[in-house]
Each structure stands twice: as structure tokens, then as C-alpha cells.
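Colleague: Let me give you the structure first, and then I'll get to my questions.
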Amino acid sequence: MFVRRIAVIGSGYVGLTTGACLASLGHRVVCADVDASKVAQLAAGKVPILEPGLPELVVEGLAAGRLQFVVGAATAVGQGPDAAEVVFLCVPTPMGAGGAADLSAVETVAAEVRSLLPAGCVVVNKSTVPVGTAARTAQLLDRPDVAVVSNPEFLREGSAVEDFLNPDRIVVGCDAQDAAERVAALYARLGAPAVLTDAASAELVKYAANCFLAMKLSYVNAVAELCERVGADVLDVTEGIGYDRRIGQSFLQPGPGWGGSCLPKDTHALLQVCSAADFDFSLLRASMDTNTRQQHRMVDKIREAVGGSLAGQRVGLLGLTFKAGTDDLRDSPALTVAALLATEGADLIGYDPEVPAAVPGMTDDLQVSDDPLKVASGAAALVVLTEWPEFRLLDWGRLAELVERRIVIDTRNLLDADVLRRVGFEVRGVGRRPSQVLTSS
Ligand code: UDX
């Protein structure tokens with residue numbers, strides 16, 4: 001079933017992926033943004049974010065006339081017989097004061113479109129919002145003839161298109177069942193199981209999923225610390241537990257702590273939801289504390305590697321984004337570790353394949369280079385912070401000649417320690433057995 005017109009308000013990473021993918025499923029989609037220059041870029045088929053497959057879908061949608069970009073929510077909703085039947089809200093809900101989600105963008109759009117929505121239209125909330133936002137949006141719209149539906153997204157950066165088109169499930173929540181069914185029908189071609197529920201449950205699914213993932217990662221990071229203490233190897237331990245289908249092999253890689261635009265924000269926001277509901281979710285708090293501890297633990301490892309004090313020590317950072325496959329630096333654990341190193345007086349230089357040398361907003365304490373050789377030059381330690389596969393293929397023999405001390409702290413357990421050992425590096429991973437040093441620098 002195709003609808004006459006879907007409006008997608010907000011053309012950021014969620015909105016743009018949603019709009020382009022819905023258009024690829026055959027729907028007619030009009031995406032809006034407040035940023036006129038971004039809209040002009042998108043209308044010309046240029047995608048400003050790094051997301052595999054997205055530029056192709058945008059170009060295809062534009063060429064087929066199924067995808068359009070406009071400035072402003074009102075224009076996207078349209079008027080008269082051509083007005084949107086379904087309006088997706090994909091606006092940012094950043095972490096506001098005290099960790100609660102800031103809903104001002106949702107409120108602004110609701111005020112802008114409320115009188116324009118045709119009778120029978122469905123407003124769909126895709127942004128991650130606190131439980132109760134669908135009800136609050138309905139209140140703001142004050143349109144009994146318009147249903148508000150919660151339809152959380154589960155897109156990972158770097159594989160958002162793949163995740164959208166091959167979802168594990170579609171979750172749609174609304175107190176009016178027919179509206180929920182109409183939204184679920186938009187995804188019918190994807191053949192995914194659909195969970196139809198009330199709005200509050202759908203809103204909670206998103207938080208419960210992301211917080212579970214955060215908890216899983218904190219659990220793995222804690223197990224990695226234990227491995228180091230008892231001489232076990234976390235890769236073997238996680239392989240061993242991952243074969244249990246109830247646990248699964250995915251999301252079991254220890255690292256420098258979890259980050260990105262979702263998990264930190266959503267864990268904080270769920271704590272706010274809990275506190276409003278007078279519920280102490282101590283398991284969730286512990287997961288967040290473990291994450292902070294993990295970042296500090298990486299700094300301890302680096303300090304120890306350079307001989308006990310970071311002051312004045314040159315430390316080369318490989319990887320700055322919050323994970324590989326994205327150019328996103330938001331809440332990147334790499335930058336948190338960098339900031340902690342800087343506080344202790346380390347002299348920092350970093351390289352990331354997706355971060356330009358003069359990136360705005362980078363701290364004064366961190367110099368970004370476009371050359372991994374420069375990062376190695378004179379380094380008392382090299383630190384892998386993002387799991388970019390190309391780091392495995394660096395000319396480690398050349399890097400060995402440039403560093404001051406041949407030691408790598410591999411917070412992602414990415415590198416082939418044998419290859420590095422052959423050129424004299426000592427590799428210290430996370431939760432791994434210590435490597436043997438064959439030659440010293
Ligand atoms: C996440 C959820 O996965 C997605 O479903 C939701 O819609 C948005 O939030 P994203 O933030 O893109 O997606 O990143 P994700 O791949 O989940 O990684 C989050 C963090 O966990 C990153 O810092 C990543 O490096 C870390 N991570 C992930 C690990 O340290 N180990 C792993 O095994 C997996």
C-alpha cells in the first residue's frame with residue numbers, strides 16, 4: 001500500500017535515511033529541514049553525511065520523482081488534496097539539562113504543522129523521546145482527528161540503510177490500533193515482524209533496547225578487566241559465551257567504552273524517565289559507571305605504558321570517531337580518553353581516516369594530522385581508539401622506526417599482535433594476555 005504523500009520533518013541522519021528508504025520502497029516522500037543550504041545540497045543529490053548506500057538511494061529517489069527536499073515543516077506537509085497522510089517527526093532530541101531529552105524541536109514542529117494537518121492524518125514520532133511524548137504531542141497538536149504514533153528507529157550509524165531495509169522488527173505504538181496498522185503497512189514490503197502496541201510501550205522499547213546494548217557492552221568491558229586480573233583472554237571468553245544463543249556473538253567486543261550519538265544520550269534519558277517514575281534502575285546506573293571506569297582504565301594503561309607519568313609525553317592516537325565506518329565524533333570515547341590524557345599533560349596528536357586535519361570543535365589539546373606517520377613520529381606510545389580496519393594495514397615496520405618507544409595500546413583488540421611483534425612492538429590490548437616482546441627499541 002502506497003500513501004499519497006509522506007512528510008519527513010528533519011533531514012538529519014534518521015530523517016534522511018527514513019525518507020530515502022521509504023521512497024525506495026515506492027512511497028512518495030517529501031523531506032524537510034530548516035537548513036536551506038542542506039536542502040539545496042540534498043536536492044542536488046549530495047548527501048552531507050557518511051552513510052553507505054544513502055547517496056545512491058537519494059539520487060534514485062530524486063530521479064524517480066518519489067523523493068523531494070524542501071525548507072520547513074509546513075511546506076513538507078503541503079495543502080489541500082495533496083497534503084501529507086503521514087508525517088514523520090525526525091528532529092533532534094538532544095540531552096538537555098540533567099540528562100533529560102530536550103523536546104523543544106518536537107514542540108516547535110507540532111506548533112508549526114498543527115493547523116495544516118489534514119483530518120485523518122497520522123503523526124509518527126521516530127525520534128527517541130521519553131515515555132509519554134506521543135501523549136504530549138497529541139496534547140500539543142490538540143487535533144482529535146489526528147493520531148500520534150510512536151515508531152522508534154533502530155538504525156546504527158554506518159549501516160543505517162542496511163538496518164532500515166533489513167530490520168529485525170518494526171515497532172509501532174498507538175492507542176488507536178488502526179493508525180498503528182497504517183504505519184506498520186508502510187514497511188510491509190520488508191517482511192519484518194511487527195510489534196503493534198500502545199504508545200508508551202513502543203517508546204520504552206527504544207530505550208530498553210539501547211540500554212540493554214549499553215549494559216551488554218559494560219558487562220563485556222568488566223569481564224575484560226577481570227580477564228586481565230586472572231590471566232584469561234577475553235576473546236576466548238566472549239567466543240565461549242557467545243555460542244549460547246541466548247547471549248549471541250554480537251555486541252561482545254570490549255573497547256575504550258561505548259559512545260556515539262545514541263547510547264550515552266539514551267542511558268541518561270532513561271535514568272530521567274526512571275527518576276520521574278520514582279524507580280531506581282541500579283543496574284543501568286552501574287552500566288554507566290562501568291563505562292566511565294573503562295575510559296579511565298584506558299588512560300591508566302597508557303600512563304603505565306609510558307612509564308608512570310603522562311606529563312610531556314607524546315601520545316599518538318589512531319582513530320577519533322566513536323566507531324569505525326562513520327565520521328561522527330559525537331560522544332566519542334576516543335575524545336573522552338584524549339581529554340583525560342590532556343588533563344595529565346600528554347602531548348597529543350591523532351589521526352583518523354574520516355576526520356580532516358583542521359576539524360572544527362576539536363580540543364586545543366589535540367592536534368589532528370592526516371598522516372599516520374606523523375602521529376607515530378617521536379611517540380612514547382601509540383593508542384588505537386577506533387577499530388578502523390586500515391590500521392591493520394599500516395606500514396608497522398616504518399612506524400617502528402619513527403616512534404620513540406615501540407608500544408601500542410590497542411583498546412579495540414584490532415591489530416595482529418604477531419605482525420607488530422615481528423617489527424619490535426609490544427601490543428597491550430583490552431582483556432588480552434600480555435604479548436611477548438621479541439626485540440626492544
Ligand atoms: C546504536 C544502536 O546500535 C542502534 O540500534 C540505535 O538505533 C542507535 O544507537 P550506533 O550509536 O550507531 O547505534 O552505534 P553502535 O554500533 O551500536 O555502537 C555504539 C558504541 O558501542 C560505539 O562506541 C561502539 O564502538 C561500541 N561497541 C559496539 C563496542 O565497544 N563493542 C561492540 O561489540 C559493539
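Letters A, B, ... mark the chains of the C-alpha cells in the order given; residue numbers begin at 1 per chain; ligand numbers begin at 1, in order shown.
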Residues near region 280-296 of chain A, anyone? I mean within 9 Å using only C-alpha atoms, not counting same-chain ones fewer than 5 positions away, as a PyMOL selection string.

Modeller: chain A and resi 211-212+214-219+221-222+225+255-258+264+267-268+270-271+274-275+301+333-334+336-337+340

Colleague: Give me the residues within 12 Å of Leu414 (chain A) as an MDAnalysis selection string, counting only C-alpha atoms and dropping any in the same chain fewer than 2 places off.

Modeller: chainID A and resid 235 253:255 318:319 324 383:393 408:412 416:420 427:430 432

Colleague: Determine, counting only C-alpha atoms, which protein, DNA and RNA residues have an atom within 6 Å of an atom of region 195-202 of chain A; residues of the same chain fewer than 2 positions away are not included. Present the result as a ChimeraX atom specification.

Modeller: /A:131-132,150,171-175,204-205

Colleague: Between CA of Leu25 (chain A) and CA of Gly325 (chain A), measure the distance and give it in Å to one decimal.

Modeller: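 So the answer is 25.0 Å.
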
Colleague: At a cut-off of 6 Å around ligand 1, and using only C-alpha atoms and all ligand atoms, what residues come up? Please write them as a list in words.

Modeller: Glu153, Phe154, Leu155, Arg156, Glu157, Asn210, Phe251, Leu252, Gln253, Pro254, Gly255, Gly257, Trp258, Gly259, Gly260, Ser261, Cys262, Leu263, Phe322 and Lys323 of chain A

Colleague: Using N, CA and C atoms, can you export the residues from the last selection as a compact mmCIF listing (two decimals), in the first residue's frame?

Modeller:
# COMPACT_ATOMS: atom_id res chain seq x y z
N GLU A 153 13.21 4.10 15.74
CA GLU A 153 14.16 3.54 14.76
C GLU A 153 15.26 2.81 15.51
N PHE A 154 15.87 1.84 14.81
CA PHE A 154 16.95 1.06 15.42
C PHE A 154 18.16 1.07 14.48
N LEU A 155 18.44 2.25 13.94
CA LEU A 155 19.50 2.34 12.92
C LEU A 155 20.85 2.58 13.57
N ARG A 156 21.83 1.84 13.09
CA ARG A 156 23.21 2.10 13.54
C ARG A 156 23.88 2.99 12.52
N GLU A 157 24.66 3.94 12.99
CA GLU A 157 25.41 4.76 12.06
C GLU A 157 26.38 3.87 11.30
N ASN A 210 18.34 0.06 23.62
CA ASN A 210 19.65 0.71 23.64
C ASN A 210 20.34 0.56 24.99
N PHE A 251 27.89 -7.70 19.55
CA PHE A 251 27.97 -6.70 20.63
C PHE A 251 28.75 -7.25 21.83
N LEU A 252 29.82 -7.97 21.55
CA LEU A 252 30.63 -8.53 22.62
C LEU A 252 32.09 -8.10 22.53
N GLN A 253 32.37 -7.05 21.74
CA GLN A 253 33.77 -6.60 21.61
C GLN A 253 34.08 -5.60 22.71
N PRO A 254 35.08 -5.90 23.56
CA PRO A 254 35.47 -4.87 24.52
C PRO A 254 36.10 -3.69 23.79
N GLY A 255 36.12 -2.56 24.42
CA GLY A 255 36.68 -1.37 23.77
C GLY A 255 36.99 -0.31 24.81
N GLY A 257 35.20 1.85 25.91
CA GLY A 257 33.92 2.37 26.43
C GLY A 257 33.02 2.63 25.25
N TRP A 258 31.72 2.58 25.49
CA TRP A 258 30.78 2.83 24.40
C TRP A 258 30.45 4.31 24.32
N GLY A 259 30.13 4.75 23.09
CA GLY A 259 29.80 6.17 22.92
C GLY A 259 28.87 6.35 21.74
N GLY A 260 28.97 7.51 21.08
CA GLY A 260 28.13 7.79 19.92
C GLY A 260 26.96 8.67 20.28
N SER A 261 26.11 8.87 19.28
CA SER A 261 25.03 9.84 19.48
C SER A 261 23.84 9.23 20.21
N CYS A 262 23.83 7.90 20.39
CA CYS A 262 22.63 7.29 20.98
C CYS A 262 22.82 6.71 22.38
N LEU A 263 23.76 5.77 22.52
CA LEU A 263 23.81 5.04 23.80
C LEU A 263 24.03 5.97 25.00
N PHE A 322 33.60 7.65 17.02
CA PHE A 322 33.13 6.79 18.12
C PHE A 322 33.12 5.32 17.76
N LYS A 323 33.17 5.04 16.47
CA LYS A 323 33.33 3.66 16.00
C LYS A 323 33.79 3.76 14.54

Colleague: Would you list the contacts of Ala101 (chain A) as a short mmCIF file (atom, residue, chain, number, x, y, z; two decimals) with N, CA and C atoms, in the first residue's frame, taking every protein, DNA or RNA residue within 8 Å and counting only C-alpha atoms, but skipping same-chain residues closer than 3 positions in sequence?

Modeller:
data_model
loop_
_atom_site.label_atom_id
_atom_site.label_comp_id
_atom_site.auth_asym_id
_atom_site.auth_seq_id
_atom_site.Cartn_x
_atom_site.Cartn_y
_atom_site.Cartn_z
N THR A 93 16.57 15.22 19.41
CA THR A 93 16.11 15.29 20.81
C THR A 93 17.36 15.19 21.68
N PRO A 94 18.19 16.24 21.68
CA PRO A 94 19.48 16.16 22.38
C PRO A 94 19.29 16.05 23.89
N MET A 95 20.39 15.72 24.55
CA MET A 95 20.33 15.61 26.01
C MET A 95 20.27 17.03 26.57
N GLY A 96 19.21 17.32 27.31
CA GLY A 96 19.08 18.65 27.89
C GLY A 96 19.62 18.67 29.31
N VAL A 129 12.36 9.58 22.23
CA VAL A 129 11.73 10.55 23.11
C VAL A 129 11.27 9.88 24.39
N PRO A 130 11.16 10.61 25.47
CA PRO A 130 10.74 10.00 26.72
C PRO A 130 9.35 9.37 26.63
N LYS A 265 23.31 9.15 25.34
CA LYS A 265 22.12 10.00 25.48
C LYS A 265 20.93 9.18 26.01
N ALA A 269 18.84 9.50 29.43
CA ALA A 269 17.41 9.84 29.34
C ALA A 269 16.56 8.79 30.07
#

Colleague: Excluding Ala63 (chain A) and residues on its chain fewer than 2 positions from it, collect all residues at most 12 Å away from it, counting only C-alpha atoms, and give them as a PyMOL selection string.

Modeller: chain A and resi 20+23-24+43-45+56-61+65-68

Colleague: Pick out the residues sitting within 7 Å of region 77-92 of chain A, and hand them over as a ChimeraX atom specification; count only C-alpha atoms, and ignore anything fewer than 2 positions along from it in its own chain.

Modeller: /A:3-10,14-15,73-75,94,105-106,116,118,121-127

Colleague: In Å to one decimal, how far is CA of Leu373 (chain A) from CA of Pro356 (chain A)?

Modeller: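 It comes out at 15.4 Å.
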
Colleague: From the list A:Arg433, A:Ala194, A:Ala135, A:Arg303, which residue is nearest Asp233 (chain A) when using only C-alpha atoms?

Modeller: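 Checking each candidate against Asp233 (chain A), we get A:Arg433 as the closest.
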